[in-house]
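Participant: Sharing protein29.cif (mmCIF, C-alpha atoms and all ligand atoms) below.
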```cif
data_run
#
loop_
_atom_site.label_atom_id
_atom_site.label_comp_id
_atom_site.auth_asym_id
_atom_site.auth_seq_id
_atom_site.Cartn_x
_atom_site.Cartn_y
_atom_site.Cartn_z
CA MET Z 566 5.20 16.81 10.18
CA ALA Z 567 2.67 15.18 7.84
CA MET Z 568 4.23 13.85 4.67
CA THR Z 569 2.74 14.81 1.33
CA ALA Z 570 3.82 14.27 -2.24
CA THR Z 571 3.31 16.05 -5.53
CA LEU Z 572 3.51 14.39 -8.90
CA GLN Z 573 4.28 16.64 -11.86
CA GLY Z 574 3.83 15.12 -15.29
CA ALA Z 575 5.00 11.79 -13.93
CA LEU Z 576 5.30 9.31 -16.79
CA VAL Z 577 6.52 5.72 -16.89
CA LYS Z 578 7.23 4.07 -20.24
CA ARG Z 579 8.37 0.48 -20.53
CA LYS Z 580 9.24 -1.14 -23.85
CA GLY Z 581 7.88 1.89 -25.70
CA LYS Z 582 4.50 1.67 -24.00
CA THR Z 583 3.19 4.23 -21.52
CA ILE Z 584 2.11 2.32 -18.42
CA LEU Z 585 1.53 5.37 -16.22
CA GLY Z 586 0.90 9.03 -16.82
CA PRO Z 587 1.38 11.74 -17.38
CA VAL Z 588 0.08 12.14 -13.84
CA THR Z 589 -0.06 15.49 -12.10
CA CYS Z 590 -1.64 15.37 -8.66
CA ASP Z 591 -1.14 16.06 -4.98
CA LEU Z 592 -1.36 13.46 -2.29
CA LEU Z 593 -3.42 14.64 0.69
CA PRO Z 594 -1.42 15.01 3.91
CA GLU Z 595 -3.44 12.43 5.83
CA GLY Z 596 -5.90 9.60 5.60
CA ILE Z 597 -6.22 6.31 3.79
CA THR Z 598 -5.97 6.67 0.03
CA ILE Z 599 -7.41 3.81 -1.97
CA VAL Z 600 -6.11 3.45 -5.52
CA LEU Z 601 -8.76 1.85 -7.71
CA GLY Z 602 -8.97 0.93 -11.37
CA PRO Z 603 -9.25 -1.99 -13.77
CA ASN Z 604 -6.47 -4.56 -14.19
CA GLY Z 605 -3.45 -3.00 -15.79
CA ALA Z 606 -4.58 0.59 -15.08
CA GLY Z 607 -1.23 1.35 -13.44
CA LYS Z 608 -2.09 1.07 -9.74
CA THR Z 609 1.02 -0.85 -8.70
CA THR Z 610 3.18 1.41 -10.86
CA LEU Z 611 1.75 4.52 -9.16
CA LEU Z 612 2.52 3.09 -5.71
CA LYS Z 613 6.07 2.24 -6.75
CA VAL Z 614 6.62 5.67 -8.29
CA LEU Z 615 5.47 7.33 -5.05
CA HIS Z 616 7.74 5.02 -3.04
CA GLY Z 617 10.65 5.86 -5.32
CA VAL Z 618 11.35 2.34 -6.57
CA GLU Z 619 10.01 2.76 -10.12
CA ARG Z 620 12.05 4.92 -12.45
CA LEU Z 621 10.21 7.82 -14.09
CA THR Z 622 10.69 8.33 -17.81
CA GLU Z 623 9.55 11.94 -17.47
CA GLY Z 624 8.30 14.26 -14.74
CA THR Z 625 8.91 14.33 -11.02
CA VAL Z 626 7.68 13.02 -7.71
CA ARG Z 627 8.48 15.21 -4.76
CA TRP Z 628 7.89 14.57 -1.09
CA ASN Z 629 7.85 17.53 1.30
CA VAL Z 630 10.91 16.09 3.07
CA SER Z 631 14.39 15.12 1.92
CA ASP Z 632 14.77 12.02 -0.27
CA GLU Z 633 16.58 10.34 2.58
CA GLU Z 634 13.81 11.04 5.09
CA ALA Z 635 11.14 10.04 2.57
CA HIS Z 636 12.93 6.75 2.08
CA THR Z 637 13.47 5.89 5.73
CA SER Z 638 9.98 6.88 6.85
CA GLN Z 639 8.12 4.74 4.32
CA ALA Z 640 7.29 1.04 4.19
CA TYR Z 641 5.87 -1.05 1.36
CA VAL Z 642 3.97 -4.33 1.59
CA PHE Z 643 4.17 -6.21 -1.69
CA GLN Z 644 1.35 -8.24 -3.16
CA SER Z 645 3.10 -11.53 -2.35
CA PRO Z 646 5.30 -10.78 0.63
CA ILE Z 647 8.62 -12.57 0.87
CA MET Z 648 9.24 -14.19 4.24
CA LEU Z 649 12.68 -14.78 5.64
CA ARG Z 650 13.24 -18.52 6.12
CA ARG Z 651 13.25 -18.00 9.85
CA SER Z 652 10.78 -17.76 12.71
CA VAL Z 653 7.96 -15.26 12.97
CA ARG Z 654 9.93 -13.60 15.79
CA GLN Z 655 13.03 -13.19 13.60
CA ASN Z 656 10.96 -11.83 10.73
CA LEU Z 657 9.47 -9.19 13.01
CA ALA Z 658 12.83 -8.36 14.57
CA TYR Z 659 14.66 -7.96 11.26
CA PRO Z 660 13.65 -4.35 10.37
CA LEU Z 661 14.69 -3.27 13.88
CA GLN Z 662 18.03 -5.05 13.62
CA LEU Z 663 18.71 -3.16 10.41
CA ILE Z 664 18.48 0.14 12.29
CA ARG Z 665 20.48 -1.30 15.20
CA ALA Z 666 17.70 -1.02 17.76
CA SER Z 667 18.62 -2.20 21.26
CA LYS Z 668 17.95 -5.81 22.23
CA ALA Z 669 15.45 -4.72 24.89
CA ASP Z 670 13.59 -2.61 22.35
CA ILE Z 671 13.52 -5.47 19.86
CA VAL Z 672 12.10 -7.89 22.45
CA ARG Z 673 9.47 -5.36 23.53
CA GLN Z 674 8.40 -4.36 20.01
CA THR Z 675 8.36 -7.92 18.72
CA SER Z 676 5.95 -9.07 21.45
CA HIS Z 677 3.82 -5.98 21.05
CA TRP Z 678 3.45 -6.41 17.30
CA ALA Z 679 2.95 -10.16 17.47
CA GLN Z 680 -0.01 -9.40 19.74
CA ARG Z 681 -1.34 -6.68 17.46
CA ILE Z 682 -1.33 -8.95 14.41
CA GLY Z 683 -2.71 -11.96 16.28
CA LEU Z 684 0.47 -14.07 16.00
CA ALA Z 685 1.56 -14.02 19.65
CA ASP Z 686 1.23 -17.81 19.83
CA ALA Z 687 3.17 -18.32 16.61
CA LEU Z 688 6.38 -16.45 17.42
CA ASP Z 689 8.56 -19.54 17.16
CA ARG Z 690 6.94 -21.03 14.06
CA PRO Z 691 8.81 -20.88 10.75
CA ALA Z 692 7.33 -17.99 8.78
CA THR Z 693 7.33 -19.97 5.55
CA ARG Z 694 4.82 -22.44 7.07
CA LEU Z 695 2.21 -19.81 7.91
CA SER Z 696 -1.11 -19.64 6.07
CA GLY Z 697 -1.65 -16.94 3.45
CA GLY Z 698 -3.56 -14.74 5.90
CA GLU Z 699 -0.93 -15.17 8.61
CA LYS Z 700 1.85 -14.28 6.15
CA GLN Z 701 0.05 -11.11 5.16
CA LYS Z 702 -0.42 -10.16 8.80
CA LEU Z 703 3.26 -10.81 9.46
CA ALA Z 704 4.24 -8.70 6.46
CA LEU Z 705 2.06 -5.91 7.82
CA GLY Z 706 3.55 -6.17 11.31
CA ARG Z 707 7.05 -6.17 9.85
CA ALA Z 708 6.21 -3.03 7.87
CA LEU Z 709 4.65 -1.22 10.82
CA ILE Z 710 7.22 -2.14 13.46
CA ARG Z 711 9.38 0.86 12.54
CA LYS Z 712 6.34 3.15 12.75
CA PRO Z 713 6.53 4.42 9.18
CA LYS Z 714 4.92 7.76 8.42
CA VAL Z 715 3.72 6.38 5.10
CA LEU Z 716 2.69 2.80 4.38
CA PHE Z 717 2.06 1.46 0.87
CA LEU Z 718 0.12 -1.77 0.40
CA ASP Z 719 -0.54 -3.58 -2.86
CA GLU Z 720 -3.67 -5.73 -2.55
CA PRO Z 721 -3.01 -6.70 1.06
CA CYS Z 722 -6.07 -8.95 1.31
CA ALA Z 723 -6.07 -10.69 -2.08
CA ASN Z 724 -7.19 -14.33 -1.63
CA LEU Z 725 -7.80 -13.98 2.12
CA ASP Z 726 -10.91 -15.08 3.98
CA GLY Z 727 -13.25 -12.70 5.76
CA ARG Z 728 -11.67 -13.12 9.17
CA ALA Z 729 -8.10 -12.42 8.04
CA THR Z 730 -9.35 -9.48 5.95
CA ARG Z 731 -11.13 -7.99 8.98
CA GLU Z 732 -8.05 -8.44 11.16
CA ILE Z 733 -5.86 -6.69 8.59
CA GLU Z 734 -8.34 -3.85 8.18
CA ASN Z 735 -8.41 -3.39 11.97
CA VAL Z 736 -4.61 -3.14 12.10
CA LEU Z 737 -4.64 -0.65 9.21
CA GLN Z 738 -7.28 1.53 10.86
CA GLU Z 739 -5.34 1.51 14.11
CA ALA Z 740 -2.15 2.45 12.24
CA TYR Z 741 -3.99 5.28 10.53
CA ARG Z 742 -5.39 6.54 13.86
CA THR Z 743 -1.90 6.58 15.33
CA GLY Z 744 -0.46 8.67 12.52
CA THR Z 745 0.52 6.45 9.61
CA ARG Z 746 -0.50 7.70 6.17
CA ILE Z 747 -1.81 4.74 4.14
CA ILE Z 748 -1.89 4.37 0.36
CA MET Z 749 -3.16 1.06 -0.95
CA THR Z 750 -4.67 -0.74 -3.91
CA THR Z 751 -7.53 -3.20 -3.69
CA HIS Z 752 -9.87 -5.02 -6.01
CA ASP Z 753 -12.38 -5.38 -3.19
CA LEU Z 754 -14.87 -2.51 -3.49
CA GLY Z 755 -16.39 -3.32 -0.09
CA GLN Z 756 -12.95 -2.92 1.45
CA ALA Z 757 -12.38 0.30 -0.48
CA LYS Z 758 -15.64 1.72 0.92
CA ARG Z 759 -14.81 0.65 4.46
CA LEU Z 760 -11.34 2.19 4.43
CA ALA Z 761 -11.13 5.08 1.96
CA SER Z 762 -10.78 8.64 3.10
CA ASP Z 763 -10.06 9.44 -0.52
CA VAL Z 764 -9.95 7.55 -3.79
CA ILE Z 765 -7.64 7.82 -6.77
CA PHE Z 766 -9.38 6.17 -9.71
CA LEU Z 767 -6.91 5.24 -12.44
CA LEU Z 768 -7.79 4.43 -16.00
CA LYS Z 769 -5.22 3.65 -18.70
CA GLY Z 770 -2.43 5.03 -16.55
CA GLN Z 771 -4.16 8.36 -15.92
CA VAL Z 772 -5.81 9.74 -12.80
CA HIS Z 773 -9.40 9.76 -13.95
CA GLU Z 774 -10.90 10.91 -10.64
CA GLN Z 775 -9.51 11.91 -7.26
CA LEU Z 776 -12.26 12.43 -4.71
CA PRO Z 777 -13.08 11.97 -1.03
CA GLY Z 778 -14.24 8.37 -0.51
CA SER Z 779 -17.84 9.23 0.38
CA LEU Z 780 -18.20 11.35 -2.75
CA PHE Z 781 -16.58 8.84 -5.07
CA PHE Z 782 -18.82 5.96 -4.01
CA ASP Z 783 -22.08 7.95 -3.79
CA ASN Z 784 -21.57 10.33 -6.65
CA PRO Z 785 -18.77 9.39 -9.08
CA GLN Z 786 -18.14 12.17 -11.56
CA THR Z 787 -17.53 10.19 -14.73
CA SER Z 788 -19.40 7.48 -16.61
CA GLU Z 789 -16.28 5.27 -16.45
CA ALA Z 790 -16.15 5.41 -12.65
CA ARG Z 791 -19.89 4.73 -12.46
CA ALA Z 792 -19.47 1.73 -14.76
CA PHE Z 793 -16.49 0.48 -12.71
CA LEU Z 794 -18.49 0.72 -9.48
CA GLN Z 795 -21.35 -1.20 -11.07
CA GLY Z 796 -18.95 -4.00 -11.93
CA ASP Z 797 -18.99 -3.36 -15.69
CA ILE Z 798 -15.86 -3.99 -17.74
CA VAL Z 799 -14.09 -0.66 -18.19
CA GLU Z 800 -11.21 -0.30 -20.62
N1 LIG D 901 8.38 -3.70 -16.37
C1 LIG D 901 7.34 -3.65 -17.21
N2 LIG D 901 7.52 -3.75 -18.55
C2 LIG D 901 6.48 -3.72 -19.42
N3 LIG D 901 5.19 -3.57 -19.03
C3 LIG D 901 4.94 -3.46 -17.70
C4 LIG D 901 5.98 -3.50 -16.72
N4 LIG D 901 5.42 -3.37 -15.51
C5 LIG D 901 4.08 -3.27 -15.70
N5 LIG D 901 3.79 -3.33 -17.03
C6 LIG D 901 2.44 -3.18 -17.64
O1 LIG D 901 1.98 -1.90 -17.27
C7 LIG D 901 0.58 -1.90 -17.02
C8 LIG D 901 0.29 -1.37 -15.65
O2 LIG D 901 0.75 -2.30 -14.67
P1 LIG D 901 0.38 -2.20 -13.13
O3 LIG D 901 0.88 -3.45 -12.48
O4 LIG D 901 0.84 -0.91 -12.58
O5 LIG D 901 -1.21 -2.22 -13.17
P2 LIG D 901 -2.25 -2.52 -12.03
O6 LIG D 901 -3.33 -1.51 -12.17
O7 LIG D 901 -1.57 -2.59 -10.72
O8 LIG D 901 -2.77 -3.94 -12.46
P3 LIG D 901 -3.40 -5.15 -11.61
O9 LIG D 901 -4.70 -4.67 -11.09
O10 LIG D 901 -3.55 -6.22 -12.65
O11 LIG D 901 -2.39 -5.50 -10.54
C9 LIG D 901 0.13 -3.32 -17.25
O12 LIG D 901 -0.40 -3.41 -18.56
C10 LIG D 901 1.41 -4.14 -17.09
O13 LIG D 901 1.33 -5.31 -17.87
#
```
Can you dump the structure from the file as structure tokens?
Ligand SMILES: Nc1ncnc2c1ncn2[C@@H]1O[C@H](COP(=O)(O)OP(=O)(O)OP(=O)(O)O)[C@@H](O)[C@H]1O

Facilitator:
Amino acid sequence: MAMTATLQGALVKRKGKTILGPVTCDLLPEGITIVLGPNGAGKTTLLKVLHGVERLTEGTVRWNVSDEEAHTSQAYVFQSPIMLRRSVRQNLAYPLQLIRASKADIVRQTSHWAQRIGLADALDRPATRLSGGEKQKLALGRALIRKPKVLFLDEPCANLDGRATREIENVLQEAYRTGTRIIMTTHDLGQAKRLASDVIFLLKGQVHEQLPGSLFFDNPQTSEARAFLQGDIVE
């Protein structure tokens, strides 16, 4: 079953300041959702609210499955992923060990995913010594190895070169084609255009536009979104 979520008046206040909301919107059941908006618009907070790791001050977020299923079928790749101080192989194996997968399954999946993320030759290297791009790819492999139904990514390609960015986009598109719902933020408008099935454009913590990708980029509905796409400063 496709997983969808509904936000009803979702509001996050921290230190007396509203950093998100109130947001009322539905997440589409499939596709790649790109969350766009200026710095501080609330993009990371929205992802964390949807993933259930940011406390709401008001309102609700509801997935169409139980809380337990929502939790176990989602993965989240943070902006600066933390690597275990162990080998690439052990980093990939870890999420499977947590769910007590069989040894044979762990060996099989670890090789498969190392191949998919282009780290097959690096399985025995310490993860902490990888380059920035390799770390991001490893974080992505580690997130996908349990085949999540929903994958959140916060700026997965920040500071990466073109090659690493392309490799990550390829893995994301493959994950999407094989049934993973993707919700991610990016500051890279080219990347947003390449990947978006739909766009959530946030401004000052509010959903300012929510449109199919093609429509948002060709025909944004508001002057703020137009200005943002032109590279103007939008506040
Ligand atoms: N725990 C917190 N306490 C106080 N303010 C916070 C907290 N977390 C985030 N903020 C503020 O809330 C606002 C929204 O933050 P958020 O990280 O969601 O924005 P963003 O759109 O992801 O920004 P960026 O593009 O810079 O990553 C920012 O102004 C941030 O400084």

Participant: How far is it from atom O1 of ligand LIG 901 (chain D) to CA of Ile647 (chain Z), in Å with one decimal?

Facilitator: 22.1 Å

Participant: Looking at Z:Glu800, Z:Leu612, Z:Ala685, Z:Leu661, which one is nearest to Lys769 (chain Z), with distances taken over all atoms listed in the file?

Facilitator: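 Among the listed residues, Z:Glu800 lies closest to Lys769 (chain Z).
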
Participant: Given only C-alpha atoms as the basis, pick out the residue of Z:Thr609, Z:Thr750, Z:Thr569, Z:Asn784 nearest to Gln639 (chain Z).

Facilitator: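 Of the candidates, the smallest distance to Gln639 (chain Z) is held by Z:Thr569.
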
Participant: Step by step, measure atom-to-atom distances between ligand LIG 901 (chain D) and each residue using all atoms listed in the file, keep those at most 6 Å, then write them as a VMD selection string.

Facilitator: chain Z and resid 579 to 580 584 603 to 610

Participant: Would you save the residues from that selection as a compact mmCIF listing (two decimals), in the frame of the given file, using C-alpha atoms?

Facilitator:
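Okay, part.txt is ready:
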```
# COMPACT_ATOMS: atom_id res chain seq x y z
CA ARG Z 579 8.37 0.48 -20.53
CA LYS Z 580 9.24 -1.14 -23.85
CA ILE Z 584 2.11 2.32 -18.42
CA PRO Z 603 -9.25 -1.99 -13.77
CA ASN Z 604 -6.47 -4.56 -14.19
CA GLY Z 605 -3.45 -3.00 -15.79
CA ALA Z 606 -4.58 0.59 -15.08
CA GLY Z 607 -1.23 1.35 -13.44
CA LYS Z 608 -2.09 1.07 -9.74
CA THR Z 609 1.02 -0.85 -8.70
CA THR Z 610 3.18 1.41 -10.86
```

Participant: CA of Ile710 (chain Z) and CA of Gln674 (chain Z), how far apart in Å?

Facilitator: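 Rounded to one decimal, the two atoms are 7.0 Å apart.
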
Participant: Measuring atom to atom with only C-alpha atoms, identify which of Z:Gly796, Z:Gly617, Z:Gly744, Z:Gly706 is nearest to Ala658 (chain Z).

Facilitator: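 Ranked by minimum distance to Ala658 (chain Z), first place goes to Z:Gly706.
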
Participant: Determine the nearest neighbour of Pro721 (chain Z) from the options Z:Ala692, Z:Val642, Z:Ile765, Z:Ile748, counting all atoms listed in the file.

Facilitator: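 Comparing Z:Ala692, Z:Val642, Z:Ile765, Z:Ile748 against Pro721 (chain Z), the winner is Z:Val642.
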
Participant: Measuring between only C-alpha atoms, which one of Z:Ser676, Z:Asp670, Z:Asp686, Z:Ala761 shows the shortest distance to Met749 (chain Z)?

Facilitator: Z:Ala761

Participant: Leaving out Leu754 (chain Z) and any residue of its chain fewer than 6 positions from it, which residues lie within 10 Å of it when counting only C-alpha atoms, given as an NGL selection string?

Facilitator: :Z and (599 or 601 or 760 or 782 or 793-794 or 796)

Participant: Check the smallest atom-to-atom distance from each of Z:Phe643, Z:Val799, Z:Ala687, Z:Thr637 to Leu663 (chain Z) using all atoms listed in the file, then report the winner.

Facilitator: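 Smallest distance to Leu663 (chain Z) is found for Z:Thr637.
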
Participant: One decimal, Å: what's the distance from CA of Gly586 (chain Z) over to CA of Val764 (chain Z), could you say?

Facilitator: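 Result for CA of Gly586 (chain Z) versus CA of Val764 (chain Z): 17.0 Å, one decimal.
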
Participant: Just want the 12 Å neighbourhood of Ala635 (chain Z), counted on all atoms listed in the file, with same-chain residues fewer than 4 positions away dropped. Output as a ChimeraX atom specification.

Facilitator: /Z:566-570,615-618,626-631,639-640,713-716

Participant: If we count only C-alpha atoms and set the cut-off at 9 Å, which residues sit around Lys700 (chain Z), ignoring sequence neighbours fewer than 5 positions away in its own chain? Please answer as a ChimeraX atom specification.

Facilitator: /Z:646-648,692-695,705

Participant: Which residues are close to Gly683 (chain Z), i.e. within 10 Å by only C-alpha atoms, leaving aside same-chain residues fewer than 2 positions away? Reply as a count of residues only.

Facilitator: 15

Participant: Identify the residues within 10 Å of coordinate (-10.2, 13.5, -7.7) (same frame as the file), considering only C-alpha atoms, and give the answer as a PyMOL selection string.

Facilitator: chain Z and resi 590-591+763-766+772-778+780-781+785-786

Participant: Would you mind exporting C-alpha atoms of the selected residues as a compact mmCIF listing (two decimals), in the coordinates of the input?

Facilitator:
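Output contents, as saved in part10.txt:
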```txt
# COMPACT_ATOMS: atom_id res chain seq x y z
CA CYS Z 590 -1.64 15.37 -8.66
CA ASP Z 591 -1.14 16.06 -4.98
CA ASP Z 763 -10.06 9.44 -0.52
CA VAL Z 764 -9.95 7.55 -3.79
CA ILE Z 765 -7.64 7.82 -6.77
CA PHE Z 766 -9.38 6.17 -9.71
CA VAL Z 772 -5.81 9.74 -12.80
CA HIS Z 773 -9.40 9.76 -13.95
CA GLU Z 774 -10.90 10.91 -10.64
CA GLN Z 775 -9.51 11.91 -7.26
CA LEU Z 776 -12.26 12.43 -4.71
CA PRO Z 777 -13.08 11.97 -1.03
CA GLY Z 778 -14.24 8.37 -0.51
CA LEU Z 780 -18.20 11.35 -2.75
CA PHE Z 781 -16.58 8.84 -5.07
CA PRO Z 785 -18.77 9.39 -9.08
CA GLN Z 786 -18.14 12.17 -11.56
```
